[in-house]
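Chemist: Quick one: this structure, given as structure tokens, is what I'll be asking you about.
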Amino acid sequence: MAARVSASRETPAFLAACLRQPVPYRPIWIMRQAGRYLPEYRALRAKVNFEALTRTPDLAAEVTLQPLRRFELDAAILFSDIMTPLQGMGVDLAFEPGPVVREPIRTDAQIEALPALVPQRDVPFVLETIRLVRANMPRLAPLIGFAGAPFTLLCYLVCGRPSKEFAAARTFLYAQPHAAQRLLERLADAMAEYLAAQARAGAQALMLFESWAGLLAPREFEQFALPAVRRTAAALRRTGVPLIYYVNQGSTLMPAVAQLDVDVVGVDWRSGLSAVRRVLGPGKAVQGNLDPAALFAPAAELRRHVDAVLEEAGEAPGHIFNLGHGIWPDTDPDSVARLVDYVHERR
Ligand code: CP3
């Protein structure tokens with residue numbers, strides 16, 4: 001796709017890789033890098049619940065920066081949740097610890113009643129957190145803003161709580177396809193507003209999490225999830241910041257994802273990056289895709305697994321090292337330090 005911004009000599013490695021520019025070393029950050037595997041996060045969390053953390057800008061900014069103080073990470077990601085903007089739209093939900101929606105959304109009336117999101121009014125604390133992170137960034141590491149992709153948000157809104165099969169959400173697509181499309185459009189517009197506001201507040205890249213893409217066959221992915229992401233991506237083109245689309249369990253969906261106008265595709269650990277890059281073509285960068293479980297391997301083994309990911313990613317510009325999904329809470333932070341250092345050494 002056409003680059004949203006052009007890189008200069010001072011472009012940080014993470015942003016250069018998003019734009020498929022040459023980099024002096026392989027940039028790396030880690031999905032869920034701010035969180036429970038860090039003792040300093042657990043210490044704060046013992047005193048303040050998750051929601052209060054996300055709503056208090058100086059605390060949310062502190063948690064965002066914690067992993068950057070400990071590791072030489074190449075990007076920060078905003079500390080928040082994919083459900084936070086929905087709360088701002090009046091959806092009554094709690095984190096237990098996964099999001100639980102008290103009145104799942106399943107009727108036309110509920111969908112029509114969902115208001116538009118006005119970020120400055122509804123989630124001002126998110127924008128303030130972004131400004132604080134940018135002001136206190138310890139070194140030249142870009143800040144990633146994020147949102148849930150519309151279909152993934154639909155899964156939580158329709159089912160009401162995390163689930164393995166998300167049966168109610170999948171049923172909804174087949175039983176009420178028009179209502180589903182309407183809900184997806186509303187969510188696509190709300191997330192476009194939300195991410196554009198994050199970019200204006202200072203987010204230097206934007207990421208959409210499609211954590212539940214793997215629930216769908218390619219046909220349903222193309223019918224429901226993809227048009228919604230296309231709608232959000234089109235609205236964001238004018239922000240001028242790179243857009244990352246993370247597709248979990250998306251190996252069969254990559255031909256469809258290749259049609260999207262996004263800069264980077266995030267890939268879980270189940271597919272090899274060389275095959276993914278072949279399908280996506282030269283116009284997209286990739287991000288991933290070490291199995292979070294690999295962080296439990298002995299140090300020498302971990303290096304072998306890193307080598308394998310780098311080999312698959314190849315030499316062409318446009319690879320950001322990451323895990324294939326979020327880091328597990330029982331991961332040893334020393335293993336993360338070894339991972340980050342090794343990826344950087346291996347130029
Ligand atoms: O470091 C970071 O990545 C930034 C913060 C972040 C959180 N959630 C904090 C959080 C991000 C990017 C998310 C995104 C998110 N939230 C996703 C997409 C990424 C993915 O993992 O697929 C999803 C599906 C959610 C929904 C969600 N929120 C779940 C399933 C849970 C509970 C279980 C879990 O994985 O932690 C949450 C709560 C949540 N969000 C916590 C954190 C740190 C745990 C809260 C606590 O401290 O108890």
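Identifiers for the structure tokens are assigned positionally: chains receive A, B, ... in sequence, residues are indexed from 1 per chain, and ligands are indexed from 1 in the order shown.
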Within 6 Å of Val264 of chain A, counting only C-alpha atoms, which residues qualify if same-chain residues fewer than 3 places away don't, as a PyMOL selection string?
Modeler: chain A and resi 244+284-286
Chemist: Restricted to C-alpha atoms, what would the selected residues look like written as a compact mmCIF listing (two decimals), in the first residue's frame?
Modeler:
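Result saved to selection_24.txt:
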# COMPACT_ATOMS: atom_id res chain seq x y z
CA ILE A 244 -1.13 -2.67 12.22
CA LYS A 284 2.96 -5.14 3.74
CA ALA A 285 5.24 -5.57 6.73
CA VAL A 286 4.71 -8.43 9.19
Chemist: Need the shell around Gly214 of chain A: protein/DNA/RNA residues with any atom at most 12 Å away, counting only C-alpha atoms. Skip same-chain ones fewer than 4 positions apart. Format as a ChimeraX atom specification?
Modeler: /A:151-152,155,164-166,170,210,218,220-221,225,246-254,267-268,270
Chemist: Mind writing the picked residues with N, CA, C and O atoms as an mmCIF file, in the first residue's frame?
Modeler:
data_model
loop_
_atom_site.group_PDB
_atom_site.id
_atom_site.type_symbol
_atom_site.label_atom_id
_atom_site.label_comp_id
_atom_site.auth_asym_id
_atom_site.auth_seq_id
_atom_site.Cartn_x
_atom_site.Cartn_y
_atom_site.Cartn_z
ATOM 1 N N PHE A 151 -15.071 -6.980 14.638
ATOM 2 C CA PHE A 151 -15.629 -8.313 14.864
ATOM 3 C C PHE A 151 -15.264 -8.865 16.243
ATOM 4 O O PHE A 151 -16.082 -9.502 16.917
ATOM 5 N N THR A 152 -14.036 -8.604 16.679
ATOM 6 C CA THR A 152 -13.605 -9.081 18.008
ATOM 7 C C THR A 152 -14.417 -8.393 19.108
ATOM 8 O O THR A 152 -14.808 -9.026 20.097
ATOM 9 N N CYS A 155 -17.802 -9.994 19.302
ATOM 10 C CA CYS A 155 -17.782 -11.268 20.043
ATOM 11 C C CYS A 155 -18.074 -11.039 21.520
ATOM 12 O O CYS A 155 -18.884 -11.746 22.117
ATOM 13 N N LYS A 164 -14.697 -19.915 24.722
ATOM 14 C CA LYS A 164 -13.828 -20.631 23.775
ATOM 15 C C LYS A 164 -14.409 -20.582 22.370
ATOM 16 O O LYS A 164 -13.715 -20.317 21.403
ATOM 17 N N GLU A 165 -15.698 -20.835 22.261
ATOM 18 C CA GLU A 165 -16.345 -20.983 20.953
ATOM 19 C C GLU A 165 -17.113 -19.727 20.524
ATOM 20 O O GLU A 165 -17.481 -19.600 19.363
ATOM 21 N N PHE A 166 -17.386 -18.837 21.443
ATOM 22 C CA PHE A 166 -18.207 -17.655 21.160
ATOM 23 C C PHE A 166 -19.449 -18.037 20.337
ATOM 24 O O PHE A 166 -19.755 -17.431 19.314
ATOM 25 N N ARG A 170 -21.247 -16.269 16.927
ATOM 26 C CA ARG A 170 -21.293 -16.913 15.605
ATOM 27 C C ARG A 170 -22.728 -17.162 15.175
ATOM 28 O O ARG A 170 -23.077 -16.996 13.997
ATOM 29 N N GLU A 210 -7.536 -8.262 16.167
ATOM 30 C CA GLU A 210 -8.586 -9.208 15.747
ATOM 31 C C GLU A 210 -8.279 -10.529 16.442
ATOM 32 O O GLU A 210 -7.849 -11.509 15.825
ATOM 33 N N PRO A 218 -13.035 -18.472 6.021
ATOM 34 C CA PRO A 218 -12.697 -17.351 5.138
ATOM 35 C C PRO A 218 -13.929 -16.615 4.585
ATOM 36 O O PRO A 218 -13.939 -15.391 4.491
ATOM 37 N N GLU A 220 -16.973 -16.175 5.905
ATOM 38 C CA GLU A 220 -17.607 -15.309 6.907
ATOM 39 C C GLU A 220 -16.650 -14.182 7.311
ATOM 40 O O GLU A 220 -17.080 -13.070 7.599
ATOM 41 N N PHE A 221 -15.349 -14.487 7.321
ATOM 42 C CA PHE A 221 -14.374 -13.432 7.604
ATOM 43 C C PHE A 221 -14.497 -12.321 6.554
ATOM 44 O O PHE A 221 -14.530 -11.142 6.876
ATOM 45 N N ALA A 225 -16.018 -9.594 9.056
ATOM 46 C CA ALA A 225 -14.893 -8.938 9.750
ATOM 47 C C ALA A 225 -14.154 -7.968 8.828
ATOM 48 O O ALA A 225 -13.845 -6.833 9.211
ATOM 49 N N TYR A 246 -3.619 -7.006 13.705
ATOM 50 C CA TYR A 246 -3.228 -8.297 14.291
ATOM 51 C C TYR A 246 -4.352 -9.305 14.076
ATOM 52 O O TYR A 246 -5.499 -9.055 14.461
ATOM 53 N N VAL A 247 -4.011 -10.421 13.432
ATOM 54 C CA VAL A 247 -5.003 -11.438 13.094
ATOM 55 C C VAL A 247 -4.617 -12.735 13.795
ATOM 56 O O VAL A 247 -3.672 -13.415 13.390
ATOM 57 N N ASN A 248 -5.344 -13.069 14.861
ATOM 58 C CA ASN A 248 -5.014 -14.289 15.598
ATOM 59 C C ASN A 248 -5.639 -15.505 14.914
ATOM 60 O O ASN A 248 -6.804 -15.471 14.521
ATOM 61 N N GLN A 249 -4.867 -16.567 14.788
ATOM 62 C CA GLN A 249 -5.314 -17.812 14.136
ATOM 63 C C GLN A 249 -5.836 -17.521 12.731
ATOM 64 O O GLN A 249 -6.908 -17.989 12.345
ATOM 65 N N GLY A 250 -5.049 -16.758 11.980
ATOM 66 C CA GLY A 250 -5.528 -16.291 10.686
ATOM 67 C C GLY A 250 -4.881 -16.958 9.491
ATOM 68 O O GLY A 250 -4.936 -16.420 8.380
ATOM 69 N N SER A 251 -4.281 -18.147 9.672
ATOM 70 C CA SER A 251 -3.513 -18.716 8.553
ATOM 71 C C SER A 251 -4.374 -18.899 7.301
ATOM 72 O O SER A 251 -3.905 -18.662 6.196
ATOM 73 N N THR A 252 -5.639 -19.287 7.461
ATOM 74 C CA THR A 252 -6.478 -19.496 6.268
ATOM 75 C C THR A 252 -7.080 -18.176 5.757
ATOM 76 O O THR A 252 -7.737 -18.154 4.718
ATOM 77 N N LEU A 253 -6.857 -17.097 6.503
ATOM 78 C CA LEU A 253 -7.505 -15.812 6.170
ATOM 79 C C LEU A 253 -6.561 -14.848 5.463
ATOM 80 O O LEU A 253 -6.977 -13.772 5.034
ATOM 81 N N MET A 254 -5.283 -15.230 5.335
ATOM 82 C CA MET A 254 -4.288 -14.293 4.802
ATOM 83 C C MET A 254 -4.583 -13.811 3.373
ATOM 84 O O MET A 254 -4.341 -12.648 3.066
ATOM 85 N N VAL A 267 0.921 -11.559 13.137
ATOM 86 C CA VAL A 267 0.693 -12.974 12.845
ATOM 87 C C VAL A 267 0.946 -13.813 14.100
ATOM 88 O O VAL A 267 1.961 -13.629 14.775
ATOM 89 N N ASP A 268 0.036 -14.723 14.420
ATOM 90 C CA ASP A 268 0.252 -15.625 15.555
ATOM 91 C C ASP A 268 1.350 -16.634 15.185
ATOM 92 O O ASP A 268 1.886 -16.599 14.084
ATOM 93 N N ARG A 270 1.214 -19.846 14.606
ATOM 94 C CA ARG A 270 0.842 -21.082 13.931
ATOM 95 C C ARG A 270 1.247 -21.112 12.466
ATOM 96 O O ARG A 270 1.306 -22.182 11.857
#
Chemist: Which chain A residues have any atom within 8 Å of an atom of ligand 1, and for each, what is the nearest pair of atoms with distance in Å to one decimal, counting only C-alpha atoms and all ligand atoms, rows sorted by chain and number, as a tab-separated table?
Modeler:
residue	atom	partner	partner_atom_place_in_ligand_line	distance
A:Ile30	CA	ligand 1	3 (O)	7.5
A:Met31	CA	ligand 1	3 (O)	4.9
A:Arg32	CA	ligand 1	3 (O)	2.9
A:Gln33	CA	ligand 1	1 (O)	4.1
A:Ala34	CA	ligand 1	1 (O)	3.5
A:Gly35	CA	ligand 1	43 (C)	4.6
A:Arg36	CA	ligand 1	47 (O)	6.2
A:Arg42	CA	ligand 1	47 (O)	7.6
A:Arg45	CA	ligand 1	47 (O)	6.3
A:Asn49	CA	ligand 1	47 (O)	7.2
A:Phe50	CA	ligand 1	47 (O)	5.1
A:Thr64	CA	ligand 1	1 (O)	7.0
A:Ile77	CA	ligand 1	4 (C)	5.5
A:Leu78	CA	ligand 1	4 (C)	5.5
A:Phe79	CA	ligand 1	5 (C)	4.2
A:Ser80	CA	ligand 1	5 (C)	4.9
A:Asp81	CA	ligand 1	8 (N)	4.1
A:Ile82	CA	ligand 1	16 (N)	4.9
A:Met83	CA	ligand 1	26 (C)	6.8
A:Phe95	CA	ligand 1	38 (C)	6.1
A:Glu96	CA	ligand 1	32 (C)	7.3
A:Pro97	CA	ligand 1	32 (C)	4.6
A:Gly98	CA	ligand 1	32 (C)	3.4
A:Pro99	CA	ligand 1	28 (N)	5.7
A:Phe146	CA	ligand 1	12 (C)	6.7
A:Ala147	CA	ligand 1	14 (C)	7.6
A:Gly148	CA	ligand 1	18 (C)	6.5
A:Thr152	CA	ligand 1	24 (C)	7.4
A:Pro162	CA	ligand 1	30 (C)	6.3
A:Phe209	CA	ligand 1	18 (C)	5.2
A:Glu210	CA	ligand 1	22 (O)	7.1
A:Ser211	CA	ligand 1	22 (O)	4.2
A:Trp212	CA	ligand 1	22 (O)	7.5
A:Asn248	CA	ligand 1	22 (O)	7.3
A:His325	CA	ligand 1	21 (O)	6.3
A:Gly326	CA	ligand 1	21 (O)	5.2
Chemist: So that I can check the secondary structure, give me every residue of segment 74-201 of chain A assigned alpha helix (DSSP H) by backbone DSSP, as an NGL selection string.
Modeler: :A and (84-88 or 108-113 or 119-122 or 124-136 or 150-159 or 167-175 or 177-201)
Chemist: Tell me which of A:Arg139, A:Arg70, A:Arg186, A:Arg55 sits closest to Glu112 of chain A, counting only C-alpha atoms.
Modeler: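 So, comparing all the options, the nearest one is A:Arg186.
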Chemist: Name the residues in contact with Asp332 of chain A at a cut-off of 10 Å, using only C-alpha atoms, excluding same-chain residues fewer than 2 positions from it; report them as a VMD selection string.
Modeler: chain A and resid 37 to 38 295 to 296 328 to 330 334 to 337
Chemist: DSSP on the backbone, strand (DSSP E) only: what residues of segment 86-178 of chain A does that give? Format it as a list in words.
Modeler: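 Strand (DSSP E) assignments inside segment 86-178 of chain A correspond to Leu93, Ala94, Phe95, Pro99, Val100, Val101, Leu143, Ile144, Gly145, Phe146, Ala147 and Gly148 of chain A.
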Chemist: Counting only C-alpha atoms, figure out which residue out of A:Arg20, A:Arg131, A:Arg231, A:Arg219 gets nearest to Pro57 of chain A.
Modeler: A:Arg131
Chemist: Could you tell me how far atom CA of Asn136 of chain A sits from atom CA of Thr56 of chain A, in Å to one decimal place?
Modeler: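 Atom CA of Thr56 of chain A sits 15.6 Å away from atom CA of Asn136 of chain A.
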Chemist: List every residue of segment 10-112 of chain A that has an atom at most 12 Å from any atom of segment 318-321 of chain A, and for each one report the closest atom pair and its distance in Å to one decimal, counting only C-alpha atoms, with rows sorted by chain and then by increasing residue number, as a Markdown table.
Modeler:
| residue | atom | partner | partner_atom | distance |
| --- | --- | --- | --- | --- |
| A:Ala13 | CA | A:Ile320 | CA | 8.9 |
| A:Phe14 | CA | A:Ile320 | CA | 6.8 |
| A:Leu15 | CA | A:Ile320 | CA | 9.3 |
| A:Ala16 | CA | A:Gly318 | CA | 7.9 |
| A:Ala17 | CA | A:Gly318 | CA | 4.5 |
| A:Cys18 | CA | A:Gly318 | CA | 6.0 |
| A:Leu19 | CA | A:Gly318 | CA | 6.7 |
| A:Arg20 | CA | A:Gly318 | CA | 4.0 |
| A:Gln21 | CA | A:Gly318 | CA | 6.7 |
| A:Pro22 | CA | A:Gly318 | CA | 7.8 |
| A:Val23 | CA | A:Gly318 | CA | 8.8 |
| A:Tyr25 | CA | A:Ile320 | CA | 10.1 |
| A:Arg26 | CA | A:Ile320 | CA | 6.6 |
| A:Pro27 | CA | A:Ile320 | CA | 5.4 |
| A:Ile28 | CA | A:Phe321 | CA | 4.5 |
| A:Trp29 | CA | A:Phe321 | CA | 6.7 |
| A:Ile30 | CA | A:Phe321 | CA | 8.1 |
| A:Met31 | CA | A:Phe321 | CA | 10.4 |
| A:Leu73 | CA | A:Phe321 | CA | 10.4 |
| A:Asp74 | CA | A:Ile320 | CA | 9.4 |
| A:Ala75 | CA | A:Ile320 | CA | 10.2 |
Chemist: Export, as a compact mmCIF listing (two decimals), in the first residue's frame, the selected residues with N, CA, C and O atoms.
Modeler:
# COMPACT_ATOMS: atom_id res chain seq x y z
N ALA A 13 13.63 2.49 14.65
CA ALA A 13 13.62 1.21 13.92
C ALA A 13 12.21 0.63 13.80
O ALA A 13 11.84 0.09 12.76
N PHE A 14 11.42 0.75 14.87
CA PHE A 14 10.07 0.17 14.81
C PHE A 14 9.25 0.81 13.69
O PHE A 14 8.60 0.12 12.90
N LEU A 15 9.28 2.16 13.62
CA LEU A 15 8.47 2.83 12.58
C LEU A 15 9.03 2.57 11.19
O LEU A 15 8.28 2.39 10.23
N ALA A 16 10.37 2.52 11.09
CA ALA A 16 10.99 2.22 9.79
C ALA A 16 10.53 0.84 9.31
O ALA A 16 10.19 0.67 8.14
N ALA A 17 10.52 -0.13 10.22
CA ALA A 17 10.10 -1.49 9.83
C ALA A 17 8.62 -1.50 9.42
O ALA A 17 8.24 -2.20 8.48
N CYS A 18 7.78 -0.73 10.11
CA CYS A 18 6.37 -0.63 9.71
C CYS A 18 6.26 -0.17 8.26
O CYS A 18 5.34 -0.57 7.54
N LEU A 19 7.18 0.71 7.86
CA LEU A 19 7.13 1.29 6.52
C LEU A 19 8.00 0.52 5.53
O LEU A 19 8.22 0.97 4.42
N ARG A 20 8.51 -0.63 5.96
CA ARG A 20 9.35 -1.49 5.12
C ARG A 20 10.61 -0.77 4.66
O ARG A 20 11.07 -0.94 3.53
N GLN A 21 11.17 0.04 5.56
CA GLN A 21 12.45 0.70 5.30
C GLN A 21 13.56 -0.14 5.94
O GLN A 21 13.29 -0.85 6.91
N PRO A 22 14.77 -0.03 5.43
CA PRO A 22 15.89 -0.76 6.05
C PRO A 22 16.08 -0.30 7.50
O PRO A 22 15.83 0.86 7.83
N VAL A 23 16.50 -1.22 8.35
CA VAL A 23 16.71 -0.91 9.78
C VAL A 23 18.10 -1.38 10.22
O VAL A 23 18.61 -2.36 9.68
N TYR A 25 18.87 -2.69 13.07
CA TYR A 25 18.68 -3.92 13.84
C TYR A 25 17.20 -4.26 13.82
O TYR A 25 16.37 -3.41 13.48
N ARG A 26 16.86 -5.50 14.19
CA ARG A 26 15.47 -5.92 14.13
C ARG A 26 14.71 -5.37 15.34
O ARG A 26 15.05 -5.70 16.47
N PRO A 27 13.71 -4.50 15.12
CA PRO A 27 12.96 -3.97 16.26
C PRO A 27 12.09 -5.05 16.90
O PRO A 27 11.61 -5.96 16.23
N ILE A 28 11.88 -4.92 18.20
CA ILE A 28 11.06 -5.89 18.94
C ILE A 28 10.25 -5.18 20.02
O ILE A 28 10.73 -4.26 20.67
N TRP A 29 8.99 -5.57 20.13
CA TRP A 29 8.20 -5.26 21.33
C TRP A 29 7.36 -6.49 21.59
O TRP A 29 7.42 -7.46 20.80
N ILE A 30 6.61 -6.52 22.67
CA ILE A 30 5.95 -7.75 23.09
C ILE A 30 4.49 -7.51 23.41
O ILE A 30 4.17 -6.62 24.22
N MET A 31 3.62 -8.27 22.76
CA MET A 31 2.20 -8.10 23.04
C MET A 31 1.94 -8.37 24.52
O MET A 31 2.45 -9.35 25.07
N LEU A 73 13.12 -2.36 24.74
CA LEU A 73 12.04 -2.54 23.76
C LEU A 73 12.01 -1.37 22.78
O LEU A 73 12.33 -0.24 23.14
N ASP A 74 11.57 -1.66 21.54
CA ASP A 74 11.57 -0.64 20.49
C ASP A 74 10.26 0.10 20.35
O ASP A 74 10.16 1.00 19.52
N ALA A 75 9.25 -0.28 21.14
CA ALA A 75 7.99 0.46 21.11
C ALA A 75 7.28 0.25 22.45
O ALA A 75 7.51 -0.75 23.14
Chemist: What lies within 9 Å of Glu312 of chain A using only C-alpha atoms, ignoring chain neighbours under 4 positions off, as a ChimeraX atom specification?
Modeler: /A:272-275,307-308
Chemist: Can I get the selection written as an mmCIF file, in the first residue's frame, with all heavy atoms?
Modeler:
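File written: out_16.cif
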data_model
loop_
_atom_site.group_PDB
_atom_site.id
_atom_site.type_symbol
_atom_site.label_atom_id
_atom_site.label_comp_id
_atom_site.auth_asym_id
_atom_site.auth_seq_id
_atom_site.Cartn_x
_atom_site.Cartn_y
_atom_site.Cartn_z
ATOM 1 N N GLY A 272 4.087 -19.962 9.395
ATOM 2 C CA GLY A 272 5.450 -19.495 9.135
ATOM 3 C C GLY A 272 5.403 -18.146 8.442
ATOM 4 O O GLY A 272 4.565 -17.910 7.560
ATOM 5 N N LEU A 273 6.327 -17.243 8.835
ATOM 6 C CA LEU A 273 6.286 -15.892 8.267
ATOM 7 C C LEU A 273 6.639 -15.863 6.786
ATOM 8 O O LEU A 273 6.183 -14.975 6.065
ATOM 9 C CB LEU A 273 7.225 -14.962 9.042
ATOM 10 C CG LEU A 273 6.771 -14.580 10.456
ATOM 11 C CD1 LEU A 273 7.800 -13.639 11.098
ATOM 12 C CD2 LEU A 273 5.388 -13.925 10.435
ATOM 13 N N SER A 274 7.434 -16.822 6.307
ATOM 14 C CA SER A 274 7.791 -16.755 4.878
ATOM 15 C C SER A 274 6.551 -17.016 4.026
ATOM 16 O O SER A 274 6.309 -16.313 3.030
ATOM 17 C CB SER A 274 8.918 -17.729 4.545
ATOM 18 O OG SER A 274 8.491 -19.053 4.735
ATOM 19 N N ALA A 275 5.735 -17.991 4.434
ATOM 20 C CA ALA A 275 4.500 -18.266 3.682
ATOM 21 C C ALA A 275 3.556 -17.075 3.777
ATOM 22 O O ALA A 275 2.942 -16.676 2.776
ATOM 23 C CB ALA A 275 3.830 -19.529 4.223
ATOM 24 N N ASP A 307 16.107 -17.655 16.127
ATOM 25 C CA ASP A 307 16.748 -17.818 14.815
ATOM 26 C C ASP A 307 15.742 -18.307 13.781
ATOM 27 O O ASP A 307 15.732 -17.854 12.633
ATOM 28 C CB ASP A 307 17.898 -18.831 14.892
ATOM 29 C CG ASP A 307 19.096 -18.293 15.674
ATOM 30 O OD1 ASP A 307 19.163 -17.064 15.887
ATOM 31 O OD2 ASP A 307 19.940 -19.113 16.079
ATOM 32 N N ALA A 308 14.905 -19.246 14.189
ATOM 33 C CA ALA A 308 13.929 -19.823 13.256
ATOM 34 C C ALA A 308 12.928 -18.765 12.785
ATOM 35 O O ALA A 308 12.601 -18.699 11.599
ATOM 36 C CB ALA A 308 13.205 -21.000 13.918
#
Chemist: Residues at most 12 Å from Ala109 of chain A, counting only C-alpha atoms, excluding those fewer than 3 positions away in the same chain, as a PyMOL selection string?
Modeler: chain A and resi 105-106+112-115+179+182-183
Chemist: I need the chosen residues saved as a PDB file, in the first residue's frame, with N, CA and C atoms.
Modeler:
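What ended up in part.pdb:
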ATOM      1  N   ILE A 105     -25.486  -7.453  23.778  1.00  0.00           N
ATOM      2  CA  ILE A 105     -26.206  -6.735  22.722  1.00  0.00           C
ATOM      3  C   ILE A 105     -26.627  -7.720  21.638  1.00  0.00           C
ATOM      4  N   ARG A 106     -27.924  -7.896  21.464  1.00  0.00           N
ATOM      5  CA  ARG A 106     -28.404  -8.888  20.494  1.00  0.00           C
ATOM      6  C   ARG A 106     -29.609  -8.418  19.683  1.00  0.00           C
ATOM      7  N   GLU A 112     -29.204   0.135  17.628  1.00  0.00           N
ATOM      8  CA  GLU A 112     -29.530   1.522  17.255  1.00  0.00           C
ATOM      9  C   GLU A 112     -29.301   2.474  18.428  1.00  0.00           C
ATOM     10  N   ALA A 113     -29.437   1.948  19.650  1.00  0.00           N
ATOM     11  CA  ALA A 113     -29.282   2.811  20.831  1.00  0.00           C
ATOM     12  C   ALA A 113     -27.812   3.082  21.176  1.00  0.00           C
ATOM     13  N   LEU A 114     -26.887   2.321  20.561  1.00  0.00           N
ATOM     14  CA  LEU A 114     -25.458   2.554  20.844  1.00  0.00           C
ATOM     15  C   LEU A 114     -25.065   3.935  20.335  1.00  0.00           C
ATOM     16  N   PRO A 115     -24.599   4.810  21.195  1.00  0.00           N
ATOM     17  CA  PRO A 115     -24.246   6.142  20.722  1.00  0.00           C
ATOM     18  C   PRO A 115     -22.909   6.138  19.966  1.00  0.00           C
ATOM     19  N   ALA A 179     -28.379  -7.285  11.263  1.00  0.00           N
ATOM     20  CA  ALA A 179     -28.088  -6.661  12.560  1.00  0.00           C
ATOM     21  C   ALA A 179     -26.588  -6.729  12.827  1.00  0.00           C
ATOM     22  N   ARG A 182     -24.812  -4.119  10.814  1.00  0.00           N
ATOM     23  CA  ARG A 182     -25.101  -2.793  11.376  1.00  0.00           C
ATOM     24  C   ARG A 182     -24.225  -2.548  12.621  1.00  0.00           C
ATOM     25  N   LEU A 183     -24.151  -3.569  13.483  1.00  0.00           N
ATOM     26  CA  LEU A 183     -23.330  -3.436  14.684  1.00  0.00           C
ATOM     27  C   LEU A 183     -21.858  -3.253  14.307  1.00  0.00           C
TER      28      LEU A 183
END
Chemist: What gap, in Å, lies between atom CA of Ile144 of chain A and atom CA of Ala297 of chain A?
Modeler: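 Here the two named atoms are 28.4 Å from each other.
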Chemist: Got a sec: who's within 12 Å of Asp58 of chain A, counting only C-alpha atoms, leaving out chain neighbours fewer than 5 positions off, as a list in words?
Modeler: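 Everything that qualifies: Ala52, Leu53, Val63, Thr64, Leu65, Phe79, Phe125, Val126, Leu127, Glu128, Thr129, Ile130, Arg131, Leu132, Val133, Arg134, Ala135 and Asn136 of chain A.
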Chemist: What does the structure give for the distance between atom CA of Ala169 of chain A and atom CA of Val229 of chain A, in Å to one decimal?
Modeler: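 About the pair atom CA of Ala169 of chain A and atom CA of Val229 of chain A: they are 17.5 Å apart.
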Chemist: Please determine, counting only C-alpha atoms, which residue among A:Glu10, A:Ile111, A:Tyr156, A:Ala228 has the shortest atom-to-atom distance to Leu140 of chain A.
Modeler: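 The closest residue to Leu140 of chain A is A:Glu10.
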Chemist: Would you mind telling me which residue in A:Ala46, A:Ala213, A:Ala175, A:Leu236 lies nearest to Arg200 of chain A when using only C-alpha atoms?
Modeler: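 For Arg200 of chain A, the nearest of the given residues is A:Leu236.
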